[in-house]
Each structure stands twice: as structure tokens, then as C-alpha cells.
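Novice: The structure follows.
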Amino acid sequence: GLAAARNTGIKAVRGEIVLFHDDDDLPEANLVAEHIKSHRQYPDENIAVLGYWAWHPELKITPLMHYITGPGGQYFGYTKMQDGRFYEPWKWWGGQIPAKMSLMKTVEGPFDEQFHFGYEDTELVCRLLNRNIKILYNSRAKNFIIRSMSFEDFCRRRIKQGRSLYHLALKHPQIVVERYHLADAAAEYQTHYQPNLEKWRSLIAKYERQLNADPTPYITGADPQTSSLDKIWSQC
């Protein structure tokens, strides 16, 4: 899983900084230089750096891809972030973060390998909350995702993340239950989500090809179904 892969990479590091990178991303030529520049400007070990992440320009952006990286933000979201500002440690987004090895060496693991996909970075943050971690955003350190995401891809991803969130809540209940509003999650799922999931899935499957053929009306808000689609995607 992701945690084990990152731990393996960390063991091989010989320098002062480790930069995590996903295998389906394509970095711009200056990505490493920009991250090094930020770390030299802020050498304290409690400062990590977040680069910019976006769909590759050659990909066709579907309504779903637009939503989960924009209004919905389930994948990532930079719409309200400002270059050069510091953010809370929850912005530690695994595949986009370089961190000081002096920090990573002080944490057991450092990643918990029971997390195969999703929340392995959040679990690390939970153990670092008393270390005054700050995330500096450098929008010039750019990475681009080189694969599209269908609704089925998105659903499979969310299921895996849900399983990891369950383990995260078991390990750090005092932090996670409140932050992710999980106190009544089981009852809410049984009464609201479970009865509707198949209906929502069928609706999206029915219209996905039509939406993807001409995504502009949805993305611009001209499509009258925009709000309904947003509501469905927000629940998934």
C-alpha cells in the first residue's frame, strides 16, 4: 500500500528532504527546484511544503473531474488557497508534500502500514499535531495528473478511503470522530445513504456519457441539472 511504499522510499533517502510523488503524476521541470527553494527559505523542520496539483492540460475535464477538484473538493481543492501562505497540517496531501528528514526520523514508521490506501498522511498528521506543523503553499511547484477519473473510479476510490477512515477513527477517536462528524455516521448511513446509493449510481451512469460529451454547460452552470448532480456527487 501507499504507507509501505513511502516508508520504503524514506529508508533509501540520503538527503535532507524527502519529496513524495504519485506514480500517475507528471511534474513540471522546475518542481524540485521550487520545493528546494521553499525549504531553504524556511529551514525549520516543522515546515512542510505543498505544491500545486491539477489535471494535465491534455486531459478532457469531465463534469465529475471538475466537481471533485473544485466545488466539491473530495479529491483536492486549491480554489481558496493563496500562494506563499501557511496552512494547518491537514493540508499534508501525501503525494504532493516534501518534508524534512529530520522530522520524519523522529516519528515511528513514519507511516502506519495498516493504511493501504487513503488517510495514511492524515494518520501521520494526527501524531504530529503537537509539533506545530505548518504547510507552506508554493503554487509554482506544479504537478499534473495524467489519468482521467470516471464515476466508477471515483466510487471505488471513496470506498477504499472509507475503510481507511474507519481505521483512522479507531486509532485516533478523540481527533477524528469530531473532525469528520462520525459520531452518528453509522445511523446516518443506514437511514440516508444506503437506501439511495444504487439510485444515485444508476442516475449518474445513465447520464455520464451525455455529460462528458459536452461538459461546458455543466461546468459553466448553464445546465439546469448542475445542482442535482452536485448534490449526488457530494453524497458519494
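Residue numbering restarts at 1 in every chain; chains get A, B, ... in the order shown in the C-alpha cells, and ligands count up from 1 in that same order.
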Report as a list in words all protein, DNA and RNA residues lying within 8 Å of segment 94-110 of chain A, evaluated on only C-alpha atoms, omitting residues in the same chain fewer than 3 positions from it.
Specialist: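 Residues near the query, excluding close chain neighbours: Asn7, Gly15, Glu16, Ile17, Val18, Leu19, Phe20, His21, Asp22, His35, Glu45, Asn46, Ile47, Ala48, Val49, Leu50, Gly51, Tyr52, Trp53, Glu113, Glu120, Asp121, Leu124 and Asn143 of chain A.
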Novice: Using DSSP assignments from the backbone, pull out every residue in segment 82-204 of chain A that falls under alpha helix (DSSP H) and give it to me as a VMD selection string.
Specialist: chain A and resid 101 to 104 120 to 128 151 to 171 173 to 179 185 to 188 197 to 204
Novice: Write out as a PyMOL selection string the residues lying within 10 Å of Trp200 of chain A, counting only C-alpha atoms and excluding same-chain residues fewer than 6 positions away.
Specialist: chain A and resi 193+206+229+231-233+235-236
Novice: As a ChimeraX atom specification, list the residues of segment 7-185 of chain A assigned to strand (DSSP E) by DSSP on the backbone atoms of this structure.
Specialist: /A:17-19,25-27,47-55,86-87,98-100,134-145
Novice: Could the residues in this selection be written to a file with C-alpha atoms, as a tab-separated table (two decimals), in the first residue's frame?
Specialist:
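Resulting contents of selection_19.tsv:
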```tsv
chain	number	residue	atom	x	y	z
A	17	ILE	CA	14.43	16.44	2.26
A	18	VAL	CA	12.11	13.71	1.04
A	19	LEU	CA	9.63	14.52	-1.74
A	25	ASP	CA	1.52	12.41	-11.84
A	26	LEU	CA	3.76	14.33	-14.23
A	27	PRO	CA	5.83	17.12	-12.64
A	47	ILE	CA	7.65	23.43	7.88
A	48	ALA	CA	6.48	21.19	5.03
A	49	VAL	CA	5.63	22.42	1.54
A	50	LEU	CA	2.56	21.77	-0.58
A	51	GLY	CA	2.85	22.16	-4.34
A	52	TYR	CA	0.11	22.77	-6.89
A	53	TRP	CA	-1.79	19.80	-8.32
A	54	ALA	CA	-4.13	19.80	-11.33
A	55	TRP	CA	-5.43	17.68	-14.18
A	86	PHE	CA	0.90	28.85	5.68
A	87	TYR	CA	-1.91	26.39	6.33
A	98	PRO	CA	8.23	17.30	0.61
A	99	ALA	CA	9.27	17.22	4.26
A	100	LYS	CA	12.50	17.41	6.25
A	134	LYS	CA	2.81	24.27	9.18
A	135	ILE	CA	2.19	23.72	5.48
A	136	LEU	CA	3.57	26.35	3.11
A	137	TYR	CA	1.78	26.53	-0.24
A	138	ASN	CA	4.04	27.04	-3.27
A	139	SER	CA	1.85	27.27	-6.38
A	140	ARG	CA	4.89	27.26	-8.69
A	141	ALA	CA	5.78	23.67	-7.75
A	142	LYS	CA	3.38	22.11	-10.24
A	143	ASN	CA	2.31	18.51	-10.69
A	144	PHE	CA	-0.23	17.22	-13.20
A	145	ILE	CA	-2.44	14.12	-13.00
```
Novice: Quick one: residues within 10 Å of Ser234 of chain A, only C-alpha atoms counted, chain neighbours fewer than 5 positions away excluded, as number ranges by chain?
Specialist: A: 67-68, 71-74, 228-229
Novice: Any chance you could export the current selection's all heavy atoms as a PDB file, in the first residue's frame?
Specialist:
```
ATOM      1  N   TYR A  67     -15.893  18.847 -10.626  1.00  0.00           N
ATOM      2  CA  TYR A  67     -16.541  18.985  -9.316  1.00  0.00           C
ATOM      3  C   TYR A  67     -15.632  18.550  -8.177  1.00  0.00           C
ATOM      4  O   TYR A  67     -15.504  19.257  -7.162  1.00  0.00           O
ATOM      5  CB  TYR A  67     -17.835  18.167  -9.278  1.00  0.00           C
ATOM      6  CG  TYR A  67     -18.536  18.267  -7.941  1.00  0.00           C
ATOM      7  CD1 TYR A  67     -19.305  19.383  -7.628  1.00  0.00           C
ATOM      8  CD2 TYR A  67     -18.410  17.267  -6.986  1.00  0.00           C
ATOM      9  CE1 TYR A  67     -19.937  19.503  -6.389  1.00  0.00           C
ATOM     10  CE2 TYR A  67     -19.028  17.372  -5.755  1.00  0.00           C
ATOM     11  CZ  TYR A  67     -19.793  18.490  -5.463  1.00  0.00           C
ATOM     12  OH  TYR A  67     -20.395  18.600  -4.232  1.00  0.00           O
ATOM     13  N   ILE A  68     -14.973  17.401  -8.309  1.00  0.00           N
ATOM     14  CA  ILE A  68     -14.201  16.861  -7.178  1.00  0.00           C
ATOM     15  C   ILE A  68     -12.882  17.596  -6.950  1.00  0.00           C
ATOM     16  O   ILE A  68     -12.229  17.390  -5.920  1.00  0.00           O
ATOM     17  CB  ILE A  68     -13.942  15.348  -7.342  1.00  0.00           C
ATOM     18  CG1 ILE A  68     -13.106  15.058  -8.588  1.00  0.00           C
ATOM     19  CG2 ILE A  68     -15.255  14.582  -7.373  1.00  0.00           C
ATOM     20  CD1 ILE A  68     -12.765  13.584  -8.770  1.00  0.00           C
ATOM     21  N   PRO A  71     -15.750  22.702  -6.784  1.00  0.00           N
ATOM     22  CA  PRO A  71     -16.817  22.924  -5.802  1.00  0.00           C
ATOM     23  C   PRO A  71     -16.891  21.863  -4.710  1.00  0.00           C
ATOM     24  O   PRO A  71     -17.148  22.181  -3.547  1.00  0.00           O
ATOM     25  CB  PRO A  71     -18.090  22.908  -6.662  1.00  0.00           C
ATOM     26  CG  PRO A  71     -17.643  23.233  -8.035  1.00  0.00           C
ATOM     27  CD  PRO A  71     -16.269  22.660  -8.169  1.00  0.00           C
ATOM     28  N   GLY A  72     -16.670  20.599  -5.067  1.00  0.00           N
ATOM     29  CA  GLY A  72     -16.778  19.517  -4.088  1.00  0.00           C
ATOM     30  C   GLY A  72     -15.520  19.319  -3.267  1.00  0.00           C
ATOM     31  O   GLY A  72     -15.560  19.184  -2.045  1.00  0.00           O
ATOM     32  N   GLY A  73     -14.384  19.310  -3.945  1.00  0.00           N
ATOM     33  CA  GLY A  73     -13.101  19.190  -3.276  1.00  0.00           C
ATOM     34  C   GLY A  73     -12.806  17.829  -2.674  1.00  0.00           C
ATOM     35  O   GLY A  73     -11.901  17.700  -1.851  1.00  0.00           O
ATOM     36  N   GLN A  74     -13.548  16.764  -3.078  1.00  0.00           N
ATOM     37  CA  GLN A  74     -13.275  15.441  -2.488  1.00  0.00           C
ATOM     38  C   GLN A  74     -11.907  14.888  -2.894  1.00  0.00           C
ATOM     39  O   GLN A  74     -11.333  14.073  -2.184  1.00  0.00           O
ATOM     40  CB  GLN A  74     -14.351  14.433  -2.893  1.00  0.00           C
ATOM     41  CG  GLN A  74     -15.726  14.724  -2.324  1.00  0.00           C
ATOM     42  CD  GLN A  74     -16.609  15.382  -3.341  1.00  0.00           C
ATOM     43  OE1 GLN A  74     -16.144  16.199  -4.137  1.00  0.00           O
ATOM     44  NE2 GLN A  74     -17.883  15.031  -3.346  1.00  0.00           N
ATOM     45  N   SER A 228     -28.458  19.370  -9.123  1.00  0.00           N
ATOM     46  CA  SER A 228     -28.828  18.000  -8.779  1.00  0.00           C
ATOM     47  C   SER A 228     -27.618  17.066  -8.840  1.00  0.00           C
ATOM     48  O   SER A 228     -27.427  16.213  -7.962  1.00  0.00           O
ATOM     49  CB  SER A 228     -29.906  17.490  -9.738  1.00  0.00           C
ATOM     50  OG  SER A 228     -31.089  18.249  -9.619  1.00  0.00           O
ATOM     51  N   LEU A 229     -26.794  17.241  -9.864  1.00  0.00           N
ATOM     52  CA  LEU A 229     -25.587  16.430  -9.984  1.00  0.00           C
ATOM     53  C   LEU A 229     -24.623  16.713  -8.836  1.00  0.00           C
ATOM     54  O   LEU A 229     -24.040  15.795  -8.254  1.00  0.00           O
ATOM     55  CB  LEU A 229     -24.907  16.710 -11.320  1.00  0.00           C
ATOM     56  CG  LEU A 229     -25.618  16.161 -12.556  1.00  0.00           C
ATOM     57  CD1 LEU A 229     -25.031  16.779 -13.811  1.00  0.00           C
ATOM     58  CD2 LEU A 229     -25.504  14.647 -12.609  1.00  0.00           C
TER      59      LEU A 229
END
```
Novice: Here is a test: counting only C-alpha atoms, which residue of A:Arg158, A:His192, A:Ile10, A:Glu123 is nearest to Leu170 of chain A?
Specialist: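 When distances to Leu170 of chain A are compared using only C-alpha atoms, the smallest one comes from A:Glu123.
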Novice: Please indicate the distance in Å from atom CA of Ser164 of chain A to atom CA of Phe115 of chain A, rounded to one decimal place.
Specialist: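 Computing it gives 6.1 Å between the two atoms.
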Novice: Return the single residue from A:Ile219, A:Ala12, A:Leu182, A:Leu165 that is closest to Thr122 of chain A, with distances computed using only C-alpha atoms.
Specialist: A:Leu165
Novice: Applying 8 Å and only C-alpha atoms, which residues near Ala4 of chain A remain after dropping the ones on its own chain fewer than 3 positions away? List them as a list in words.
Specialist: Gly1, Asn7, Thr8, Phe111, Asp112, Glu113 and His116 of chain A
